[in-house]
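Right, one structure below, let's go through it.
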Amino acid sequence: ALNYPDPRVLFTAAMVVVETDPRKYFRGSSRVVGILSRALNSTDSRRAVVAGPKPERVNALAGLVDQNGFRSVIVSNGRDAFKEAAGRGNVQLVILDANVIRWSLSETMANLRADARTAWIPVLIVGEPMRIASVERMISRDPLLGYMQRPGNVKGFGDQVGPFLAKMTSEPLSAAERGDRSRAAVDLLGFLAQGRRATVFDLRAAEANLHVAIQVPELANGAVYALAAIGTVSSQDRLATSAMQPNLSASTRERAAAHLAFHMQKHGVLLKKDRIEQLRTHHGEETEPDVKSALAVVLGTLNPTAAQVGQRLRAFPLPTPK
């Protein structure tokens with residue numbers, strides 16, 4: 001089920017595996033984190049990956065895609081089309097120029113169908129009016145593959161894409177479903193970050209998407225918690241940047257700073273000198289008391305001198321007698 005070409009089955013299978021709480025690594029356990037990570041990167045807007053070797057053609061096609069309810073992701077080759085489709089959680093359509101390069105059309109389709117992250121995504125090949133024999137053969141073997149004559153306007157695009165998507169056996173995920181999956185995914189990743197589970201499930205595959213999830217208020221706290229369980233240089237740096245990010249809430253920045261201090265105590269100071277200097281500067285300029293206090297703990301983890309400790313302590317106002 002962790003490799004079944006349907007997003008609902010994939011996510012349900014990942015949830016079931018997490019709920020069994022396995023005590024040791026097993027074949028396929030790496031798939032669980034990947035599935036949950038993709039669910040984090042799933043927004044309310046439908047995405048379509050559009051790939052073609054000629055910029056003017058692919059840009060014109062992307063414009064028609066955007067006018068038909070999608071948000072297009074433009075790439076120039078098949079390799080990048082696969083990368084974008086596999087890495088995002090809300091791609092519901094891939095459109096490939098028949099003359100796509102790096103990989104060829106057949107290679108791109110083979111990779112899209114071989115990977116469980118993309119096997120279920122409908123693909124349209126766009127070309128000139130005369131169909132290509134090799135494309136006909138691929139379509140006859142793949143029910144999620146179709147052909148589209150290069151459209152000249154919005155109506156021409158909609159008239160071809162609408163019937164193709166309508167006959168798909170799996171309904172696209174709704175906005176509500178994607179939101180529910182994102183919230184469940186961050187909770188499940190947080191659960192996997194606890195204790196021995198972090199040794200069974202390698203969370204590094206989810207690091208980038210967890211960092212993105214911190215920008216979403218309802219996902220932020222859980223994302224910070226799970227990110228702090230990843231003992232890498234990049235995760236420590238991401239916690240530091242989150243603690244200083246002005247558009248995040250004070251509670252999220254405080255939480256990021258607190259987990260940053262713990263991360264540094266557990267894994268050592270992995271930050272570069274310029275990031276440490278930024279933390280010092282930000283601590284001096286921070287106006288939120290709770291965030292400033294959490295950043296002080298971070299700076300204290302850097303093993304300051306006795307004079308620096310005294311200076312920082314004296315900076316805190318003494319409470320007035322009651």
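Here's how to read the names in the structure tokens: chain A, B, ... by the order shown, residue numbers from 1 in each chain, ligand numbers from 1 in the order shown.
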| For region 276-290 of chain A: contacts at 9 Å, only C-alpha atoms, fewer than 6 positions along chain excluded, given as a PyMOL selection string | chain A and resi 240-241+243-244+250-251+254+296+298-299+302
| request: Can you list, as a PyMOL selection string, all residues belonging to region 92-276 of chain A that DSSP tags as strand (DSSP E)? | output: chain A and resi 92-97+123-127+145-149
Produce a file of the selected residues containing N, CA, C and O atoms, as a PDB file, in the first residue's frame.
ATOM      1  N   GLN A  92      -1.598  18.038  -9.651  1.00  0.00           N
ATOM      2  CA  GLN A  92      -2.713  17.216 -10.120  1.00  0.00           C
ATOM      3  C   GLN A  92      -2.699  16.994 -11.631  1.00  0.00           C
ATOM      4  O   GLN A  92      -3.575  16.325 -12.167  1.00  0.00           O
ATOM      5  N   LEU A  93      -1.691  17.553 -12.297  1.00  0.00           N
ATOM      6  CA  LEU A  93      -1.592  17.366 -13.742  1.00  0.00           C
ATOM      7  C   LEU A  93      -0.164  17.667 -14.189  1.00  0.00           C
ATOM      8  O   LEU A  93       0.448  18.614 -13.696  1.00  0.00           O
ATOM      9  N   VAL A  94       0.354  16.843 -15.095  1.00  0.00           N
ATOM     10  CA  VAL A  94       1.645  17.092 -15.741  1.00  0.00           C
ATOM     11  C   VAL A  94       1.402  17.196 -17.236  1.00  0.00           C
ATOM     12  O   VAL A  94       0.724  16.336 -17.824  1.00  0.00           O
ATOM     13  N   ILE A  95       1.919  18.265 -17.844  1.00  0.00           N
ATOM     14  CA  ILE A  95       1.784  18.460 -19.285  1.00  0.00           C
ATOM     15  C   ILE A  95       3.186  18.465 -19.898  1.00  0.00           C
ATOM     16  O   ILE A  95       4.027  19.281 -19.527  1.00  0.00           O
ATOM     17  N   LEU A  96       3.416  17.541 -20.824  1.00  0.00           N
ATOM     18  CA  LEU A  96       4.734  17.378 -21.437  1.00  0.00           C
ATOM     19  C   LEU A  96       4.663  17.667 -22.922  1.00  0.00           C
ATOM     20  O   LEU A  96       3.792  17.148 -23.623  1.00  0.00           O
ATOM     21  N   ASP A  97       5.567  18.514 -23.395  1.00  0.00           N
ATOM     22  CA  ASP A  97       5.704  18.691 -24.836  1.00  0.00           C
ATOM     23  C   ASP A  97       6.184  17.371 -25.436  1.00  0.00           C
ATOM     24  O   ASP A  97       7.019  16.678 -24.856  1.00  0.00           O
ATOM     25  N   VAL A 123      -1.210  12.632 -16.906  1.00  0.00           N
ATOM     26  CA  VAL A 123      -0.214  13.286 -17.768  1.00  0.00           C
ATOM     27  C   VAL A 123      -0.828  13.513 -19.146  1.00  0.00           C
ATOM     28  O   VAL A 123      -1.429  12.604 -19.723  1.00  0.00           O
ATOM     29  N   LEU A 124      -0.666  14.728 -19.645  1.00  0.00           N
ATOM     30  CA  LEU A 124      -1.079  15.055 -21.011  1.00  0.00           C
ATOM     31  C   LEU A 124       0.146  15.375 -21.849  1.00  0.00           C
ATOM     32  O   LEU A 124       1.019  16.141 -21.423  1.00  0.00           O
ATOM     33  N   ILE A 125       0.211  14.775 -23.026  1.00  0.00           N
ATOM     34  CA  ILE A 125       1.264  15.099 -23.984  1.00  0.00           C
ATOM     35  C   ILE A 125       0.682  16.084 -24.974  1.00  0.00           C
ATOM     36  O   ILE A 125      -0.414  15.876 -25.513  1.00  0.00           O
ATOM     37  N   VAL A 126       1.372  17.171 -25.210  1.00  0.00           N
ATOM     38  CA  VAL A 126       0.883  18.196 -26.130  1.00  0.00           C
ATOM     39  C   VAL A 126       1.775  18.227 -27.371  1.00  0.00           C
ATOM     40  O   VAL A 126       3.003  18.136 -27.272  1.00  0.00           O
ATOM     41  N   GLY A 127       1.146  18.291 -28.535  1.00  0.00           N
ATOM     42  CA  GLY A 127       1.916  18.302 -29.780  1.00  0.00           C
ATOM     43  C   GLY A 127       1.100  18.875 -30.919  1.00  0.00           C
ATOM     44  O   GLY A 127       0.059  19.501 -30.718  1.00  0.00           O
ATOM     45  N   LEU A 145      -2.829   8.607 -19.109  1.00  0.00           N
ATOM     46  CA  LEU A 145      -2.067   9.363 -20.106  1.00  0.00           C
ATOM     47  C   LEU A 145      -2.970   9.740 -21.265  1.00  0.00           C
ATOM     48  O   LEU A 145      -3.785   8.934 -21.724  1.00  0.00           O
ATOM     49  N   GLY A 146      -2.851  10.984 -21.735  1.00  0.00           N
ATOM     50  CA  GLY A 146      -3.658  11.447 -22.864  1.00  0.00           C
ATOM     51  C   GLY A 146      -2.848  12.338 -23.788  1.00  0.00           C
ATOM     52  O   GLY A 146      -1.702  12.707 -23.492  1.00  0.00           O
ATOM     53  N   TYR A 147      -3.452  12.679 -24.908  1.00  0.00           N
ATOM     54  CA  TYR A 147      -2.804  13.533 -25.913  1.00  0.00           C
ATOM     55  C   TYR A 147      -3.662  14.776 -26.136  1.00  0.00           C
ATOM     56  O   TYR A 147      -4.891  14.707 -26.157  1.00  0.00           O
ATOM     57  N   MET A 148      -3.010  15.907 -26.315  1.00  0.00           N
ATOM     58  CA  MET A 148      -3.711  17.161 -26.541  1.00  0.00           C
ATOM     59  C   MET A 148      -3.053  17.916 -27.688  1.00  0.00           C
ATOM     60  O   MET A 148      -1.834  18.112 -27.703  1.00  0.00           O
ATOM     61  N   GLN A 149      -3.863  18.313 -28.662  1.00  0.00           N
ATOM     62  CA  GLN A 149      -3.333  19.184 -29.705  1.00  0.00           C
ATOM     63  C   GLN A 149      -2.999  20.536 -29.094  1.00  0.00           C
ATOM     64  O   GLN A 149      -3.689  21.003 -28.192  1.00  0.00           O
TER      65      GLN A 149
END
At most 12 Å is the cut-off: for each residue in region 114-198 of chain A with any atom that close to an atom of region 222-225 of chain A, write down the nearest atom pair and the distance in Å rounded to one decimal, counting only C-alpha atoms, chain first then increasing number, as JSON lines.
{"residue": "A:Ser182", "atom": "CA", "partner": "A:Ala223", "partner_atom": "CA", "distance": 10.6}
{"residue": "A:Arg183", "atom": "CA", "partner": "A:Gly222", "partner_atom": "CA", "distance": 9.0}
{"residue": "A:Ala184", "atom": "CA", "partner": "A:Gly222", "partner_atom": "CA", "distance": 10.1}
{"residue": "A:Ala185", "atom": "CA", "partner": "A:Gly222", "partner_atom": "CA", "distance": 9.5}
{"residue": "A:Val186", "atom": "CA", "partner": "A:Gly222", "partner_atom": "CA", "distance": 5.8}
{"residue": "A:Asp187", "atom": "CA", "partner": "A:Gly222", "partner_atom": "CA", "distance": 6.2}
{"residue": "A:Leu188", "atom": "CA", "partner": "A:Gly222", "partner_atom": "CA", "distance": 9.2}
{"residue": "A:Leu189", "atom": "CA", "partner": "A:Ala223", "partner_atom": "CA", "distance": 8.1}
{"residue": "A:Gly190", "atom": "CA", "partner": "A:Gly222", "partner_atom": "CA", "distance": 6.1}
{"residue": "A:Phe191", "atom": "CA", "partner": "A:Gly222", "partner_atom": "CA", "distance": 9.4}
{"residue": "A:Leu192", "atom": "CA", "partner": "A:Tyr225", "partner_atom": "CA", "distance": 10.6}
{"residue": "A:Ala193", "atom": "CA", "partner": "A:Tyr225", "partner_atom": "CA", "distance": 7.8}
{"residue": "A:Gln194", "atom": "CA", "partner": "A:Tyr225", "partner_atom": "CA", "distance": 9.4}
| said: Among region 110-161 of chain A, which ones does DSSP assign to alpha helix (DSSP H) (computed from the backbone)? Answer as a VMD selection string. | reply: chain A and resid 110 to 114 133 to 141 154 to 161
| query | In terms of the shortest atom-to-atom distance over only C-alpha atoms, which of A:Ala220, A:Ala229, A:Leu112, A:Val73 is closest to Ala198 (chain A)? | reply |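 Checking each of A:Ala220, A:Ala229, A:Leu112, A:Val73 against Ala198 (chain A), counting only C-alpha atoms, the winner is A:Ala229.
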